[in-house]
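Reproduced below: upload38.cif, with mmCIF, C-alpha atoms.
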data_upload
loop_
_atom_site.label_atom_id
_atom_site.label_comp_id
_atom_site.auth_asym_id
_atom_site.auth_seq_id
_atom_site.Cartn_x
_atom_site.Cartn_y
_atom_site.Cartn_z
CA MET A 177 24.99 -66.12 2.32
CA ARG A 178 21.51 -67.57 2.13
CA LEU A 179 18.84 -65.80 0.10
CA ASN A 180 16.59 -65.42 3.15
CA SER A 181 19.28 -63.45 4.97
CA LEU A 182 19.24 -60.91 2.14
CA VAL A 183 15.49 -60.79 1.69
CA LYS A 184 14.70 -59.82 5.29
CA PRO A 185 16.87 -56.67 5.36
CA LEU A 186 15.57 -55.67 1.94
CA LEU A 187 11.97 -56.10 3.07
CA ILE A 188 12.60 -54.12 6.25
CA THR A 189 14.31 -51.35 4.29
CA GLY A 190 11.43 -51.31 1.83
CA PHE A 191 8.89 -50.92 4.62
CA MET A 192 10.93 -48.13 6.18
CA LEU A 193 11.17 -46.26 2.89
CA ALA A 194 7.48 -46.72 2.23
CA GLY A 195 6.68 -45.38 5.68
CA THR A 196 8.87 -42.35 5.08
CA ALA A 197 7.28 -41.62 1.72
CA GLN A 198 3.76 -41.82 3.13
CA ALA A 199 4.39 -40.03 6.41
CA ALA A 200 2.26 -36.94 6.93
CA PRO A 201 4.18 -33.67 6.58
CA ASP A 202 4.96 -31.86 9.80
CA ALA A 203 3.99 -28.26 10.55
CA ARG A 204 7.36 -26.90 9.42
CA GLU A 205 7.02 -28.58 6.03
CA VAL A 206 3.50 -27.25 5.64
CA LEU A 207 4.63 -23.72 6.46
CA GLU A 208 7.48 -23.92 3.96
CA ALA A 209 5.12 -25.20 1.27
CA SER A 210 2.81 -22.23 1.84
CA PRO A 211 3.62 -18.57 1.13
CA VAL A 212 3.42 -17.76 4.84
CA ASP A 213 7.13 -18.10 5.59
CA ASP A 214 8.06 -15.82 2.67
CA ILE A 215 5.50 -13.23 3.75
CA VAL A 216 6.59 -13.42 7.39
CA ALA A 217 10.17 -12.77 6.27
CA GLN A 218 9.00 -9.33 5.12
CA TYR A 219 7.21 -8.45 8.37
CA PRO A 220 10.00 -6.38 9.98
CA GLU A 221 10.07 -4.05 6.98
CA MET A 222 6.29 -4.15 6.57
CA MET A 223 5.63 -3.12 10.17
CA SER A 224 8.38 -0.51 10.21
CA ARG A 225 7.17 1.09 6.98
CA GLY A 226 3.52 0.94 8.00
CA ILE A 227 4.09 2.55 11.39
CA GLN A 228 6.39 5.22 9.96
CA ASP A 229 3.83 6.16 7.31
CA GLY A 230 0.98 6.15 9.83
CA LEU A 231 2.79 8.39 12.32
CA LYS A 232 3.86 10.83 9.63
CA GLN A 233 0.37 11.06 8.17
CA SER A 234 -1.19 11.60 11.59
CA GLY A 235 1.28 14.35 12.48
CA GLN A 236 1.53 13.02 16.04
CA VAL A 237 5.31 13.27 16.05
CA PRO A 238 8.01 14.96 13.95
CA PRO A 239 9.18 12.91 10.92
CA MET A 240 12.54 12.20 12.58
CA VAL A 241 10.81 10.69 15.62
CA ALA A 242 8.56 8.63 13.34
CA ASP A 243 11.64 7.28 11.56
CA SER A 244 13.27 6.44 14.89
CA ILE A 245 10.18 4.57 16.07
CA GLY A 246 10.07 2.73 12.76
CA PHE A 247 13.70 1.72 13.26
CA LEU A 248 12.89 0.42 16.75
CA VAL A 249 9.98 -1.57 15.36
CA SER A 250 12.08 -3.10 12.59
CA ASN A 251 14.68 -4.26 15.09
CA SER A 252 12.09 -5.69 17.46
CA PHE A 253 10.86 -8.32 15.01
CA ARG A 254 12.62 -11.53 14.05
CA ALA A 255 10.98 -13.47 11.26
CA ALA A 256 12.43 -16.70 12.67
CA ASP A 257 10.63 -16.11 15.99
CA ILE A 258 7.31 -15.50 14.24
CA GLU A 259 7.75 -18.63 12.14
CA GLN A 260 8.56 -20.70 15.21
CA ARG A 261 5.39 -19.50 16.91
CA VAL A 262 3.32 -20.38 13.84
CA VAL A 263 4.89 -23.85 13.60
CA ALA A 264 4.31 -24.59 17.29
CA ASN A 265 0.68 -23.49 17.10
CA LEU A 266 0.04 -25.45 13.91
CA GLU A 267 1.45 -28.57 15.54
CA ALA A 268 -0.81 -28.06 18.54
CA ALA A 269 -4.01 -27.17 16.69
CA LEU A 270 -4.09 -29.16 13.44
CA THR A 271 -4.41 -32.91 13.08
CA PRO A 272 -1.94 -34.84 10.90
CA GLU A 273 -4.73 -35.27 8.36
CA GLN A 274 -5.35 -31.53 8.23
CA LEU A 275 -1.65 -30.79 7.86
CA GLU A 276 -1.50 -33.27 5.01
CA GLU A 277 -4.52 -31.69 3.32
CA VAL A 278 -3.02 -28.19 3.58
CA HIS A 279 0.33 -29.45 2.32
CA GLY A 280 -1.40 -31.19 -0.58
CA TRP A 281 -3.16 -27.99 -1.63
CA TYR A 282 0.09 -26.04 -1.69
CA GLN A 283 1.66 -28.67 -3.94
CA THR A 284 -0.83 -27.89 -6.72
CA PRO A 285 0.04 -25.56 -9.64
CA VAL A 286 -2.89 -23.27 -8.83
CA ALA A 287 -1.75 -22.85 -5.23
CA GLY A 288 1.79 -22.16 -6.41
CA LYS A 289 0.59 -19.45 -8.79
CA ILE A 290 -1.54 -17.83 -6.08
CA ALA A 291 1.27 -18.04 -3.53
CA GLU A 292 3.64 -16.21 -5.87
CA ALA A 293 1.08 -13.45 -6.33
CA GLU A 294 0.54 -13.10 -2.58
CA ILE A 295 4.25 -12.94 -1.80
CA ALA A 296 4.85 -10.29 -4.46
CA ALA A 297 1.92 -8.13 -3.34
CA SER A 298 2.88 -8.28 0.34
CA ALA A 299 6.27 -6.65 -0.26
CA PRO A 300 6.39 -2.99 0.86
CA ALA A 301 7.87 -2.13 -2.54
CA ALA A 302 4.52 -3.11 -4.11
CA TRP A 303 2.41 -0.86 -1.88
CA PRO A 304 2.74 2.32 -4.00
CA GLU A 305 1.58 0.41 -7.09
CA ILE A 306 -1.38 -1.05 -5.18
CA ARG A 307 -2.44 2.46 -4.17
CA SER A 308 -1.87 3.95 -7.61
CA ARG A 309 -3.88 1.24 -9.38
CA ALA A 310 -6.69 1.01 -6.84
CA GLU A 311 -9.11 3.39 -8.56
CA ASP A 312 -8.63 1.79 -11.97
CA LEU A 313 -9.03 -1.75 -10.63
CA ASN A 314 -12.13 -0.80 -8.64
CA LYS A 315 -13.74 0.54 -11.81
CA ARG A 316 -12.64 -2.42 -13.93
CA TYR A 317 -14.10 -5.04 -11.61
CA GLN A 318 -17.24 -3.17 -10.53
CA GLY A 319 -20.25 -5.45 -10.86
CA THR A 320 -18.16 -8.44 -11.95
CA ALA A 321 -17.81 -11.92 -10.51
CA ARG A 322 -14.45 -10.92 -9.05
CA GLU A 323 -16.12 -8.21 -6.98
CA LYS A 324 -18.76 -10.67 -5.80
CA LEU A 325 -16.13 -13.21 -4.77
CA PHE A 326 -14.58 -10.74 -2.35
CA ASP A 327 -17.07 -11.37 0.45
CA ARG A 328 -16.27 -15.08 0.33
CA PHE A 329 -12.56 -14.35 0.27
CA ASP A 330 -12.72 -11.87 3.13
CA ALA A 331 -14.79 -14.17 5.33
CA ALA A 332 -12.58 -17.19 4.63
CA SER A 333 -9.24 -15.39 4.95
CA ARG A 334 -10.35 -13.17 7.86
CA ALA A 335 -8.34 -10.44 6.14
CA THR A 336 -10.34 -7.37 7.20
CA GLU A 337 -11.17 -8.70 10.66
CA SER A 338 -7.53 -9.47 11.40
CA ALA A 339 -6.27 -6.19 9.94
CA VAL A 340 -8.69 -4.15 12.07
CA ASP A 341 -7.76 -6.03 15.26
CA THR A 342 -4.06 -5.58 14.56
CA THR A 343 -4.47 -1.90 13.69
CA ILE A 344 -6.30 -1.17 16.94
CA ALA A 345 -3.71 -3.07 18.99
CA VAL A 346 -0.80 -1.31 17.29
CA GLN A 347 -2.45 2.10 17.67
CA LEU A 348 -3.08 1.39 21.34
CA GLY A 349 0.52 0.37 21.96
CA LEU A 350 1.97 3.36 20.15
CA GLY A 351 -0.75 5.70 21.43
CA THR A 352 0.25 4.95 25.01
CA ALA A 353 3.82 5.88 24.17
CA MET A 354 2.83 9.03 22.31
CA ALA A 355 0.70 10.13 25.27
CA ALA A 356 3.67 9.71 27.59
CA LEU A 357 6.04 11.54 25.27
CA SER A 358 3.59 14.45 24.94
CA ARG A 359 2.76 14.45 28.68
CA ASP A 360 -0.83 13.58 27.80
CA SER A 361 -2.59 11.97 30.75
CA VAL A 362 -5.00 9.87 28.68
CA HIS A 363 -5.58 6.61 30.56
CA HIS A 364 -4.80 3.33 28.78
CA GLU A 365 -8.36 2.01 29.15
CA LYS A 366 -9.88 5.28 27.96
CA MET A 367 -7.65 5.14 24.91
CA ARG A 368 -8.76 1.54 24.28
CA GLU A 369 -12.42 2.56 24.56
CA ARG A 370 -11.88 5.43 22.16
CA LEU A 371 -10.19 3.19 19.61
CA GLU A 372 -12.88 0.53 19.96
CA SER A 373 -15.56 3.16 19.37
CA GLN A 374 -13.84 3.90 16.07
CA ARG A 375 -13.93 0.24 14.98
CA PRO A 376 -16.88 0.63 12.54
CA ALA A 377 -15.22 3.54 10.73
CA LEU A 378 -11.86 1.81 10.85
CA ARG A 379 -13.39 -1.34 9.44
CA GLY A 380 -14.73 0.60 6.48
CA MET A 381 -11.36 2.18 5.77
CA VAL A 382 -9.35 -1.01 6.29
CA GLY A 383 -11.93 -3.03 4.38
CA GLN A 384 -11.43 -0.80 1.35
CA GLN A 385 -7.66 -1.23 1.61
CA VAL A 386 -8.07 -5.00 1.83
CA TYR A 387 -10.35 -4.93 -1.22
CA ASP A 388 -7.82 -2.83 -3.16
CA GLY A 389 -5.11 -5.33 -2.23
CA TYR A 390 -7.34 -8.24 -3.21
CA LEU A 391 -8.02 -6.82 -6.67
CA PHE A 392 -4.33 -6.12 -7.23
CA THR A 393 -2.96 -9.37 -5.81
CA TYR A 394 -5.26 -11.70 -7.74
CA ARG A 395 -5.58 -9.68 -10.93
CA ASP A 396 -3.87 -12.43 -12.97
CA ILE A 397 -5.73 -15.26 -11.24
CA SER A 398 -8.79 -16.56 -13.10
CA ASN A 399 -12.18 -16.84 -11.42
CA GLN A 400 -11.94 -20.62 -11.75
CA GLU A 401 -8.62 -20.58 -9.91
CA MET A 402 -10.03 -18.22 -7.27
CA ASN A 403 -12.94 -20.56 -6.68
CA LEU A 404 -10.53 -23.45 -6.13
CA TYR A 405 -8.62 -21.30 -3.66
CA LEU A 406 -11.79 -20.31 -1.83
CA ASP A 407 -12.88 -23.95 -1.67
CA PHE A 408 -9.60 -24.68 0.11
CA LEU A 409 -9.90 -21.70 2.47
CA GLU A 410 -13.46 -22.71 3.35
CA SER A 411 -12.57 -26.35 4.01
CA GLU A 412 -12.10 -27.47 7.61
CA ALA A 413 -8.35 -27.81 7.12
CA GLY A 414 -8.12 -24.47 5.32
CA ARG A 415 -10.12 -22.66 8.00
CA SER A 416 -8.00 -24.15 10.77
CA PHE A 417 -4.76 -23.31 9.00
CA THR A 418 -5.86 -19.73 8.32
CA ARG A 419 -7.10 -19.19 11.86
CA VAL A 420 -3.91 -20.48 13.49
CA VAL A 421 -1.58 -18.59 11.15
CA THR A 422 -3.53 -15.33 11.48
CA ASN A 423 -3.75 -15.48 15.27
CA SER A 424 -0.10 -16.49 15.63
CA VAL A 425 1.22 -13.74 13.38
CA GLN A 426 -1.09 -11.17 14.93
CA GLN A 427 0.13 -11.93 18.45
CA ALA A 428 3.75 -12.04 17.33
CA VAL A 429 3.31 -8.59 15.80
CA ILE A 430 1.43 -7.00 18.69
CA GLU A 431 3.78 -8.06 21.50
CA PRO A 432 6.89 -6.21 20.21
CA VAL A 433 4.83 -3.08 19.49
CA GLU A 434 3.46 -3.12 23.04
CA SER A 435 7.01 -3.54 24.32
CA ILE A 436 8.20 -0.59 22.25
CA GLY A 437 5.29 1.48 23.53
CA ALA A 438 6.22 0.67 27.12
CA ARG A 439 9.88 1.55 26.50
CA LEU A 440 8.98 4.87 24.90
CA ALA A 441 6.55 5.63 27.69
CA ALA A 442 9.25 4.88 30.28
CA PHE A 443 11.63 7.15 28.38
CA GLY A 444 9.03 9.91 28.37
CA ASN A 445 8.42 9.53 32.10
CA PHE A 446 12.15 9.54 32.77
CA GLY A 447 12.55 12.74 30.81
CA GLY A 448 9.84 14.39 32.85
CA GLU A 449 11.41 13.68 36.24
#
Could you quickly redo this structure as structure tokens?
Amino acid sequence: MRLNSLVKPLLITGFMLAGTAQAAPDAREVLEASPVDDIVAQYPEMMSRGIQDGLKQSGQVPPMVADSIGFLVSNSFRAADIEQRVVANLEAALTPEQLEEVHGWYQTPVAGKIAEAEIAASAPAAWPEIRSRAEDLNKRYQGTAREKLFDRFDAASRATESAVDTTIAVQLGLGTAMAALSRDSVHHEKMRERLESQRPALRGMVGQQVYDGYLFTYRDISNQEMNLYLDFLESEAGRSFTRVVTNSVQQAVIEPVESIGARLAAFGNFGGE
């Protein structure tokens, strides 16, 4: 066999391998490199626990009913469905260059350290510790650079804004069901208006919870590392990634809750016939 006949296949193979190595990561790879997929995996339990606790604290329904609604919520979420929505929206909204930039950030040691902290703090099992340490952490960081970095973090991550929007949507969905179960004739739009009128107060309450979570989650992250993280979040690629992920997860969370609300409302109406 002539040398040329060997060289051509080797050159072609080399070009193919080089192209594979340099190809931009796709949306699925970016999601897997980030902590988002691990956090999304906890959403069924997170939503179930959050709604159960909220209903019990409000006293709207007996504890047994709150537990039943929480069970319905847990079984209405599939992490795989949420992930698929996020992937599809990332593919549609981000350029290959932006996906590559996001993927590159999450390959760094700092990003890995921060991702581990975010995954651990998002688990429902960590919530009691976040609450129990909130007062101490607020005092410890009062007047410090970490406190001052929060506004940047909150604006870049859209944490409070997203949490308030989701809270109102979830309360509206469940509120409609509770009204039906209690034979309350409150109209859906009136309930929406009432909840929207409470947005400023809700923002203050949720904002404090987000701040408590921020102090707890990043307590072992240095200010230098936080600044690197904020630089990423504030970059064009970081902003786009955060916006798409937040909106996708928010919608994926709200839709099942609205469906549950409609089912409970139908059940309440059926029982009244």
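Nearest-residue note for A:Ile290: choosing from A:Ser398, A:Ser373, A:Asn314, A:Asn265, the minimum distance belongs to A:Ser398, counting all atoms listed in the file.
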Residues returned when the PyMOL selection byres ((chain A and resi 388) around 9) runs on this file, as a PyMOL selection string: chain A and resi 306-307+309-311+313-314+383-387+389-393
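Under the PyMOL selection byres ((chain A and resi 337) around 12), the matching residues in the shown file are Phe329, Asp330, Ala331, Ala332, Ser333, Arg334, Ala335, Thr336, Ser338, Ala339, Val340, Asp341, Thr342, Thr343, Ile344, Arg375, Pro376, Leu378, Arg379, Gly380, Met381, Val382, Gly383, Val386, Arg419, Thr422, Asn423 and Gln426 of chain A.
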Expand the PyMOL selection byres ((chain A and resi 275) around 8) into the individual residues it matches in the shown file, reporting them as a PyMOL selection string. chain A and resi 200-203+206+270-274+276-279+413
Mind giving me the straight-line distance from atom CA of A:Ala269 to atom CA of A:Ala255 in Å, one decimal?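 So the answer is 21.0 Å.
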Please, what distance in Å, to one decimal, runs between atom CA of A:Met402 and atom CA of A:Pro211?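 Atom CA of A:Pro211 lies at a distance of 16.0 Å from atom CA of A:Met402.
The spacing separating atom CA of A:Asp214 from atom CA of A:Asp312 amounts to 28.3 Å.
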Which polymer residues have any atom within 9 Å of an atom of stretch 404-407 of chain A, counting only C-alpha atoms, with same-chain residues fewer than 3 positions away left out, as number ranges by chain? A: 281, 286-287, 290, 325, 328-329, 332-333, 399-401, 410-411, 414
May I ask which of the residues A:Val346, A:Ala268, A:Ala321, A:Val263 is the closest one to A:Glu208, counting all atoms listed in the file? A:Val263
